[in-house]
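run.txt follows (compact mmCIF, C-alpha atoms):
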```
# COMPACT_ATOMS: atom_id res chain seq x y z
CA MET A 483 -57.80 44.07 -3.43
CA SER A 484 -54.67 41.96 -3.19
CA ARG A 485 -52.78 42.69 0.00
CA ILE A 486 -49.43 42.45 -1.75
CA GLY A 487 -50.58 43.92 -5.06
CA LYS A 488 -51.90 47.15 -3.58
CA LEU A 489 -48.61 48.07 -1.86
CA PRO A 490 -46.70 50.78 -3.75
CA ILE A 491 -43.06 50.21 -4.73
CA ALA A 492 -40.67 53.01 -3.83
CA ILE A 493 -38.07 53.80 -6.49
CA PRO A 494 -34.62 54.37 -4.88
CA GLN A 495 -32.14 57.03 -5.97
CA GLY A 496 -30.27 56.07 -9.16
CA VAL A 497 -32.94 53.65 -10.43
CA THR A 498 -35.06 54.49 -13.49
CA VAL A 499 -38.27 52.70 -14.42
CA SER A 500 -39.80 52.93 -17.88
CA GLN A 501 -42.82 51.26 -19.45
CA GLU A 502 -43.67 50.69 -23.09
CA ASP A 503 -46.22 48.32 -24.61
CA HIS A 504 -46.57 45.60 -21.96
CA TYR A 505 -42.95 45.62 -20.77
CA VAL A 506 -41.48 47.29 -17.68
CA THR A 507 -37.75 48.08 -17.84
CA VAL A 508 -35.77 48.83 -14.67
CA LYS A 509 -32.24 50.27 -14.92
CA GLY A 510 -29.87 50.82 -12.02
CA PRO A 511 -26.22 50.76 -10.97
CA LYS A 512 -26.10 46.93 -10.82
CA GLY A 513 -27.77 46.18 -14.15
CA GLU A 514 -30.90 46.32 -16.27
CA LEU A 515 -33.94 44.03 -16.18
CA LYS A 516 -37.04 43.76 -18.37
CA GLN A 517 -40.34 42.05 -17.51
CA TYR A 518 -43.51 41.39 -19.50
CA ILE A 519 -46.70 42.50 -17.72
CA ASP A 520 -50.10 40.99 -18.56
CA PRO A 521 -52.43 43.52 -20.25
CA ARG A 522 -55.04 42.97 -17.50
CA ILE A 523 -52.70 44.70 -15.00
CA GLU A 524 -52.08 48.47 -15.23
CA VAL A 525 -48.67 49.81 -14.16
CA SER A 526 -48.23 53.50 -13.35
CA VAL A 527 -44.99 55.26 -12.42
CA GLU A 528 -45.61 58.54 -10.58
CA ASP A 529 -43.87 60.58 -7.87
CA GLY A 530 -41.07 58.06 -7.32
CA GLU A 531 -43.50 55.17 -6.80
CA ILE A 532 -44.82 52.31 -8.88
CA THR A 533 -48.42 51.24 -8.36
CA LEU A 534 -50.28 48.35 -9.96
CA THR A 535 -54.04 48.14 -10.49
CA ARG A 536 -56.31 45.54 -12.04
CA HIS A 537 -59.49 45.90 -14.06
CA SER A 538 -61.74 43.34 -12.37
CA ASP A 539 -61.92 41.08 -9.33
CA GLU A 540 -61.55 37.75 -11.13
CA ARG A 541 -59.46 35.10 -9.42
CA GLN A 542 -56.82 35.03 -12.18
CA GLU A 543 -56.41 38.83 -12.15
CA ARG A 544 -56.12 38.90 -8.35
CA SER A 545 -53.26 36.40 -8.45
CA LEU A 546 -51.50 38.21 -11.31
CA HIS A 547 -51.81 41.50 -9.41
CA GLY A 548 -49.70 40.26 -6.49
CA LEU A 549 -47.33 38.33 -8.74
CA TYR A 550 -46.37 41.23 -10.99
CA ARG A 551 -46.05 43.62 -8.05
CA GLN A 552 -43.55 41.28 -6.40
CA LEU A 553 -41.64 40.67 -9.65
CA ILE A 554 -41.24 44.42 -10.21
CA HIS A 555 -40.24 44.89 -6.56
CA ASN A 556 -37.54 42.20 -6.95
CA MET A 557 -36.30 43.92 -10.13
CA VAL A 558 -36.02 47.31 -8.37
CA THR A 559 -34.26 45.75 -5.37
CA GLY A 560 -31.90 43.73 -7.60
CA VAL A 561 -30.67 46.61 -9.77
CA HIS A 562 -30.17 48.75 -6.66
CA GLU A 563 -28.60 46.31 -4.14
CA GLU A 564 -27.98 42.97 -5.88
CA PHE A 565 -29.03 39.57 -4.53
CA THR A 566 -26.47 37.21 -2.96
CA GLN A 567 -26.71 33.47 -2.38
CA THR A 568 -24.07 31.30 -0.67
CA LEU A 569 -23.75 27.55 -1.12
CA GLU A 570 -21.49 25.33 0.99
CA LEU A 571 -20.04 21.95 0.05
CA ILE A 572 -20.07 19.47 2.93
CA GLY A 573 -18.14 16.26 2.41
CA VAL A 574 -14.60 14.94 2.42
CA GLY A 575 -12.76 15.99 -0.73
CA TYR A 576 -15.53 18.24 -2.04
CA ARG A 577 -14.01 21.24 -3.82
CA ALA A 578 -15.14 24.18 -5.93
CA THR A 579 -13.05 26.45 -8.14
CA ASN A 580 -13.88 28.93 -10.84
CA GLN A 581 -12.10 30.39 -13.83
CA GLY A 582 -14.15 33.30 -15.09
CA GLN A 583 -17.71 32.09 -15.61
CA ILE A 584 -16.81 28.38 -15.52
CA LEU A 585 -17.44 26.61 -12.21
CA GLU A 586 -15.58 23.34 -11.56
CA LEU A 587 -17.00 21.08 -8.86
CA SER A 588 -15.46 17.95 -7.34
CA LEU A 589 -18.31 16.23 -5.49
CA GLY A 590 -17.09 12.69 -4.94
CA PHE A 591 -17.78 11.42 -8.45
CA THR A 592 -15.11 9.91 -10.70
CA HIS A 593 -15.15 13.06 -12.82
CA ALA A 594 -15.26 16.80 -12.25
CA ILE A 595 -18.44 18.72 -13.05
CA TYR A 596 -18.08 21.87 -15.16
CA LEU A 597 -20.88 24.44 -15.28
CA VAL A 598 -20.84 27.53 -17.49
CA LEU A 599 -22.69 30.33 -15.71
CA PRO A 600 -24.62 33.14 -17.43
CA ASP A 601 -22.90 36.52 -17.74
CA GLU A 602 -25.46 38.15 -15.40
CA ILE A 603 -24.13 36.12 -12.45
CA LYS A 604 -20.91 36.97 -10.61
CA ILE A 605 -19.22 34.01 -8.95
CA GLU A 606 -16.65 33.72 -6.19
CA THR A 607 -15.35 30.54 -4.57
CA GLN A 608 -13.74 30.31 -1.14
CA MET A 609 -11.48 27.49 -0.06
CA VAL A 610 -10.30 28.23 3.50
CA ARG A 611 -8.40 25.67 5.55
CA ASN A 612 -10.52 23.88 8.20
CA GLN A 613 -13.76 25.30 6.75
CA THR A 614 -16.20 23.99 4.20
CA PRO A 615 -15.73 25.26 0.63
CA LYS A 616 -18.19 28.01 -0.28
CA ILE A 617 -19.63 29.26 -3.57
CA ILE A 618 -20.87 32.87 -3.48
CA LEU A 619 -23.18 33.89 -6.32
CA LYS A 620 -24.39 37.47 -6.94
CA SER A 621 -26.86 38.80 -9.49
CA CYS A 622 -29.46 41.51 -9.97
CA ASP A 623 -31.92 38.90 -11.33
CA LYS A 624 -33.38 36.97 -8.39
CA GLN A 625 -35.10 34.37 -10.57
CA LEU A 626 -31.96 33.52 -12.55
CA LEU A 627 -29.90 33.37 -9.35
CA GLY A 628 -32.34 30.89 -7.82
CA GLN A 629 -32.30 28.70 -10.93
CA VAL A 630 -28.49 28.55 -11.00
CA CYS A 631 -28.32 27.76 -7.27
CA ALA A 632 -30.89 24.98 -7.69
CA LYS A 633 -28.89 23.56 -10.62
CA ILE A 634 -25.65 23.51 -8.58
CA ARG A 635 -27.46 21.95 -5.61
CA SER A 636 -29.00 19.26 -7.86
CA PHE A 637 -25.55 17.81 -8.63
CA ARG A 638 -25.30 16.46 -5.05
CA LYS A 639 -28.29 17.13 -2.79
CA PRO A 640 -27.69 16.82 0.98
CA GLU A 641 -28.37 13.27 2.05
CA PRO A 642 -30.10 12.55 5.39
CA TYR A 643 -27.66 10.06 6.95
CA LYS A 644 -24.33 11.90 6.96
CA GLY A 645 -25.49 15.31 5.73
CA LYS A 646 -23.02 15.35 2.82
CA GLY A 647 -23.81 17.38 -0.27
CA VAL A 648 -24.31 20.91 -1.56
CA ARG A 649 -26.53 23.06 0.63
CA PHE A 650 -27.43 26.69 1.14
CA LEU A 651 -25.55 28.47 3.92
CA GLY A 652 -27.49 27.96 7.15
CA GLU A 653 -29.81 25.30 5.68
CA GLU A 654 -30.96 22.70 8.18
CA VAL A 655 -30.93 19.10 6.93
CA ARG A 656 -33.17 16.59 8.74
CA ARG A 657 -30.94 13.75 9.80
CA LYS A 658 -31.93 10.10 10.03
CA SER A 659 -30.40 7.79 12.60
CA GLY A 660 -29.70 4.83 10.33
CA LYS A 661 -30.27 1.12 10.84
CA THR A 662 -27.88 0.69 13.80
CA ALA A 663 -30.00 3.00 16.01
CA GLY A 664 -32.85 0.46 16.11
CA LYS A 665 -30.80 -2.20 17.98
```

Kindly present the structure from the file in C-alpha cells form.
Amino acid sequence: MSRIGKLPIAIPQGVTVSQEDHYVTVKGPKGELKQYIDPRIEVSVEDGEITLTRHSDERQERSLHGLYRQLIHNMVTGVHEEFTQTLELIGVGYRATNQGQILELSLGFTHAIYLVLPDEIKIETQMVRNQTPKIILKSCDKQLLGQVCAKIRSFRKPEPYKGKGVRFLGEEVRRKSGKTAGK
C-alpha cells in the first residue's frame, strides 16, 4: 500500500466534495476545482473523509494512488485556505507593478515585460523604499500558481555572480566568486 495514498483526507467545514464519472469536484469559500481521476483508482467520500483505493499492486497503479491522493489533498487545502507564493526582484532598477491582472516587470532589459495572469490568480505588488520589490501571488490552484511563478522567474533567473534576478522569498542562491578570486 502506498504510504501517501492510504492516508485519508479530512474535509474541513465549508468544503464540499462531489464525484461523478471519473472527476472529483471540490468547492469551498476560496473557489472551485475539478480533477480527473484514473479509473484504476477508487475515490470514496464518507464521514467527512476522502479515501482512495486501488485495484491491484502494479507499479503504475501504486504511483497513481499517491499522486491522486496528493492532488485531491491540495485541492481541498486550496479551496479552504488558499496558497500564497512571494517573489522578490533583486537588482538595481528592477520594478514590478500591476493593473488588474496585467503584471508589468522592469528587469534591466530595454523594454518592459507584460504578463497577463489567469483570473484564478490574485496578484499584489509591493514597492517599499529601501526594500526589494515583491510580487505576492495567491490562488486556490497550487499547480497553476507554481506554473505562473516559474514563468515570472524565467524572465530573469538569479545569476550566481551578483545574485541579481527574480527569486522566491527566502530562496538561497549559490554564489560564485568570479575570476578575480583566483589571483

request  = Select, from A:Leu569, A:Ile595, A:Ile491, A:Ile554, the residue with the minimum atom-to-atom distance to Val630 in chain A, counting only C-alpha atoms.
outcome  =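 Ranking A:Leu569, A:Ile595, A:Ile491, A:Ile554 by distance to Val630 in chain A, first place goes to A:Leu569.
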
Sorted by chain and rising residue number, list the residues of range 575-640 of chain A at most 10 Å from range 509-531 of chain A (counting all atoms listed in the file), each with its closest atom pair and distance in Å to one decimal, as CSV.
```
residue,atom,partner,partner_atom,distance
A:Glu602,CA,A:Gly513,CA,8.4
A:Ser621,CA,A:Lys512,CA,8.3
A:Cys622,CA,A:Lys512,CA,6.4
A:Asp623,CA,A:Leu515,CA,7.3
```

query = If you count all atoms listed in the file, which residues fall within 9 Å of Lys639 in chain A, apart from same-chain ones fewer than 6 positions away, as number ranges by chain?
reply = A: 646-649

query = In Å, how far is it from CA of Arg541 in chain A to CA of Val506 in chain A?
reply =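 Spanning CA of Arg541 in chain A to CA of Val506 in chain A is a straight-line distance of 23.2 Å.
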
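Nearest to Tyr576 in chain A of all the residues A:Leu627, A:Leu589, A:Val610, A:Met557 is A:Leu589, based on all atoms listed in the file.
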
ask   = Looking at only C-alpha atoms, which of A:Ile532, A:Leu549, A:Ile486, A:Ile634 is the one that sits closest to Ser588 in chain A?
value =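 The shortest atom-to-atom distance to Ser588 in chain A comes from A:Ile634.
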
message = For a test of reading the model, state the distance in Å between CA of Arg611 in chain A and CA of Ala632 in chain A, rounded to one decimal.
response = 26.1 Å

task = Dig up all the protein and nucleic acid residues within 7 Å of (-16.4, 26.3, -4.5) in the file frame, using all atoms listed in the file, and format them as a list in words.
result =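 Output of the proximity query reads Arg577, Ala578, Thr579, Leu587, Thr607, Gln608, Met609, Pro615, Lys616 and Ile617 of chain A.
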
Distance in Å - CA of Gly487 in chain A versus CA of Gly628 in chain A =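 CA of Gly628 in chain A lies at a distance of 22.6 Å from CA of Gly487 in chain A.
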
Which residues come within 7 Å of His547 in chain A, counting only C-alpha atoms, excluding same-chain residues fewer than 2 positions away, as an mmCIF file with C-alpha atoms, keeping the file's coordinate frame?
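Contents of the output file out_33.cif:
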```
data_model
loop_
_atom_site.group_PDB
_atom_site.id
_atom_site.type_symbol
_atom_site.label_atom_id
_atom_site.label_comp_id
_atom_site.auth_asym_id
_atom_site.auth_seq_id
_atom_site.Cartn_x
_atom_site.Cartn_y
_atom_site.Cartn_z
ATOM 1 C CA SER A 484 -54.670 41.960 -3.190
ATOM 2 C CA GLY A 487 -50.580 43.920 -5.060
ATOM 3 C CA ILE A 523 -52.700 44.700 -15.000
ATOM 4 C CA ARG A 536 -56.310 45.540 -12.040
ATOM 5 C CA GLU A 543 -56.410 38.830 -12.150
ATOM 6 C CA ARG A 544 -56.120 38.900 -8.350
ATOM 7 C CA SER A 545 -53.260 36.400 -8.450
ATOM 8 C CA LEU A 549 -47.330 38.330 -8.740
ATOM 9 C CA TYR A 550 -46.370 41.230 -10.990
ATOM 10 C CA ARG A 551 -46.050 43.620 -8.050
#
```

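You can rank A:Gly652, A:Phe565, A:Leu489, A:Lys633 by their closest distance to Gly548 in chain A using only C-alpha atoms, and at the top of that list sits A:Leu489.
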
key: Nearest to Ile618 in chain A by atom-to-atom distance, counting only C-alpha atoms, from A:Lys661, A:Lys604, A:His562, A:His537   = A:Lys604

Would you fill out range 603-614 of chain A with all heavy atoms and return it as a CSV table (one decimal), in the coordinates of the input?
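Output file selection30.csv follows:
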```csv
chain,number,residue,atom,x,y,z
A,603,ILE,N,-24.5,36.6,-13.8
A,603,ILE,CA,-24.1,36.1,-12.4
A,603,ILE,C,-22.6,36.3,-12.2
A,603,ILE,O,-21.8,35.9,-13.0
A,603,ILE,CB,-24.6,34.7,-12.3
A,603,ILE,CG1,-26.1,34.6,-12.3
A,603,ILE,CG2,-24.0,34.1,-11.0
A,603,ILE,CD1,-26.7,33.3,-12.0
A,604,LYS,N,-22.3,36.9,-11.1
A,604,LYS,CA,-20.9,37.0,-10.6
A,604,LYS,C,-20.7,35.8,-9.6
A,604,LYS,O,-21.5,35.6,-8.7
A,604,LYS,CB,-20.7,38.3,-9.9
A,604,LYS,CG,-20.9,39.5,-10.9
A,604,LYS,CD,-20.7,40.8,-10.1
A,604,LYS,CE,-21.3,41.9,-10.9
A,604,LYS,NZ,-22.6,42.3,-10.6
A,605,ILE,N,-19.5,35.2,-9.8
A,605,ILE,CA,-19.2,34.0,-9.0
A,605,ILE,C,-17.9,34.2,-8.2
A,605,ILE,O,-17.0,34.8,-8.7
A,605,ILE,CB,-19.2,32.7,-9.8
A,605,ILE,CG1,-18.9,31.5,-8.9
A,605,ILE,CG2,-18.1,32.8,-10.9
A,605,ILE,CD1,-19.2,30.2,-9.6
A,606,GLU,N,-17.9,33.7,-7.0
A,606,GLU,CA,-16.6,33.7,-6.2
A,606,GLU,C,-16.6,32.4,-5.4
A,606,GLU,O,-17.6,32.0,-4.9
A,606,GLU,CB,-16.7,34.9,-5.2
A,606,GLU,CG,-15.5,35.0,-4.3
A,606,GLU,CD,-15.7,36.1,-3.3
A,606,GLU,OE1,-16.5,37.0,-3.5
A,606,GLU,OE2,-15.0,36.0,-2.3
A,607,THR,N,-15.5,31.8,-5.4
A,607,THR,CA,-15.4,30.5,-4.6
A,607,THR,C,-14.3,30.8,-3.5
A,607,THR,O,-13.4,31.5,-3.6
A,607,THR,CB,-14.9,29.3,-5.4
A,607,THR,OG1,-13.7,29.7,-6.1
A,607,THR,CG2,-15.9,29.0,-6.4
A,608,GLN,N,-14.6,30.2,-2.3
A,608,GLN,CA,-13.7,30.3,-1.1
A,608,GLN,C,-13.3,28.9,-0.7
A,608,GLN,O,-14.2,28.1,-0.4
A,608,GLN,CB,-14.4,31.0,0.0
A,608,GLN,CG,-14.7,32.5,-0.2
A,608,GLN,CD,-15.4,33.1,1.0
A,608,GLN,OE1,-15.8,32.4,1.9
A,608,GLN,NE2,-15.5,34.4,0.9
A,609,MET,N,-12.0,28.7,-0.6
A,609,MET,CA,-11.5,27.5,-0.1
A,609,MET,C,-10.5,27.9,1.1
A,609,MET,O,-9.4,28.2,0.9
A,609,MET,CB,-10.7,26.7,-1.1
A,609,MET,CG,-11.5,26.3,-2.3
A,609,MET,SD,-12.4,24.7,-2.0
A,609,MET,CE,-11.0,23.6,-2.0
A,610,VAL,N,-11.1,27.9,2.3
A,610,VAL,CA,-10.3,28.2,3.5
A,610,VAL,C,-10.0,27.0,4.3
A,610,VAL,O,-10.9,26.1,4.5
A,610,VAL,CB,-11.1,29.3,4.4
A,610,VAL,CG1,-10.3,29.6,5.6
A,610,VAL,CG2,-11.4,30.5,3.5
A,611,ARG,N,-8.8,26.8,4.8
A,611,ARG,CA,-8.4,25.7,5.6
A,611,ARG,C,-9.3,25.5,6.8
A,611,ARG,O,-9.6,26.4,7.5
A,611,ARG,CB,-6.9,25.8,6.0
A,611,ARG,CG,-6.3,24.6,6.5
A,611,ARG,CD,-4.9,24.8,6.9
A,611,ARG,NE,-4.3,23.7,7.5
A,611,ARG,CZ,-3.5,22.9,7.0
A,611,ARG,NH1,-3.0,23.1,5.8
A,611,ARG,NH2,-3.0,21.8,7.6
A,612,ASN,N,-9.7,24.3,7.1
A,612,ASN,CA,-10.5,23.9,8.2
A,612,ASN,C,-11.9,24.5,8.1
A,612,ASN,O,-12.6,24.6,9.1
A,612,ASN,CB,-9.9,24.2,9.5
A,612,ASN,CG,-8.6,23.5,9.8
A,612,ASN,OD1,-8.5,22.4,9.3
A,612,ASN,ND2,-7.7,24.1,10.5
A,613,GLN,N,-12.4,24.9,7.0
A,613,GLN,CA,-13.8,25.3,6.8
A,613,GLN,C,-14.3,24.6,5.5
A,613,GLN,O,-13.5,24.2,4.6
A,613,GLN,CB,-13.8,26.8,6.6
A,613,GLN,CG,-13.6,27.6,7.9
A,613,GLN,CD,-13.8,29.1,7.7
A,613,GLN,OE1,-14.2,29.5,6.6
A,613,GLN,NE2,-13.5,29.8,8.7
A,614,THR,N,-15.6,24.6,5.4
A,614,THR,CA,-16.2,24.0,4.2
A,614,THR,C,-16.0,24.9,3.0
A,614,THR,O,-16.1,26.2,3.2
A,614,THR,CB,-17.7,23.7,4.4
A,614,THR,OG1,-18.3,25.0,4.7
A,614,THR,CG2,-17.9,22.7,5.5
```
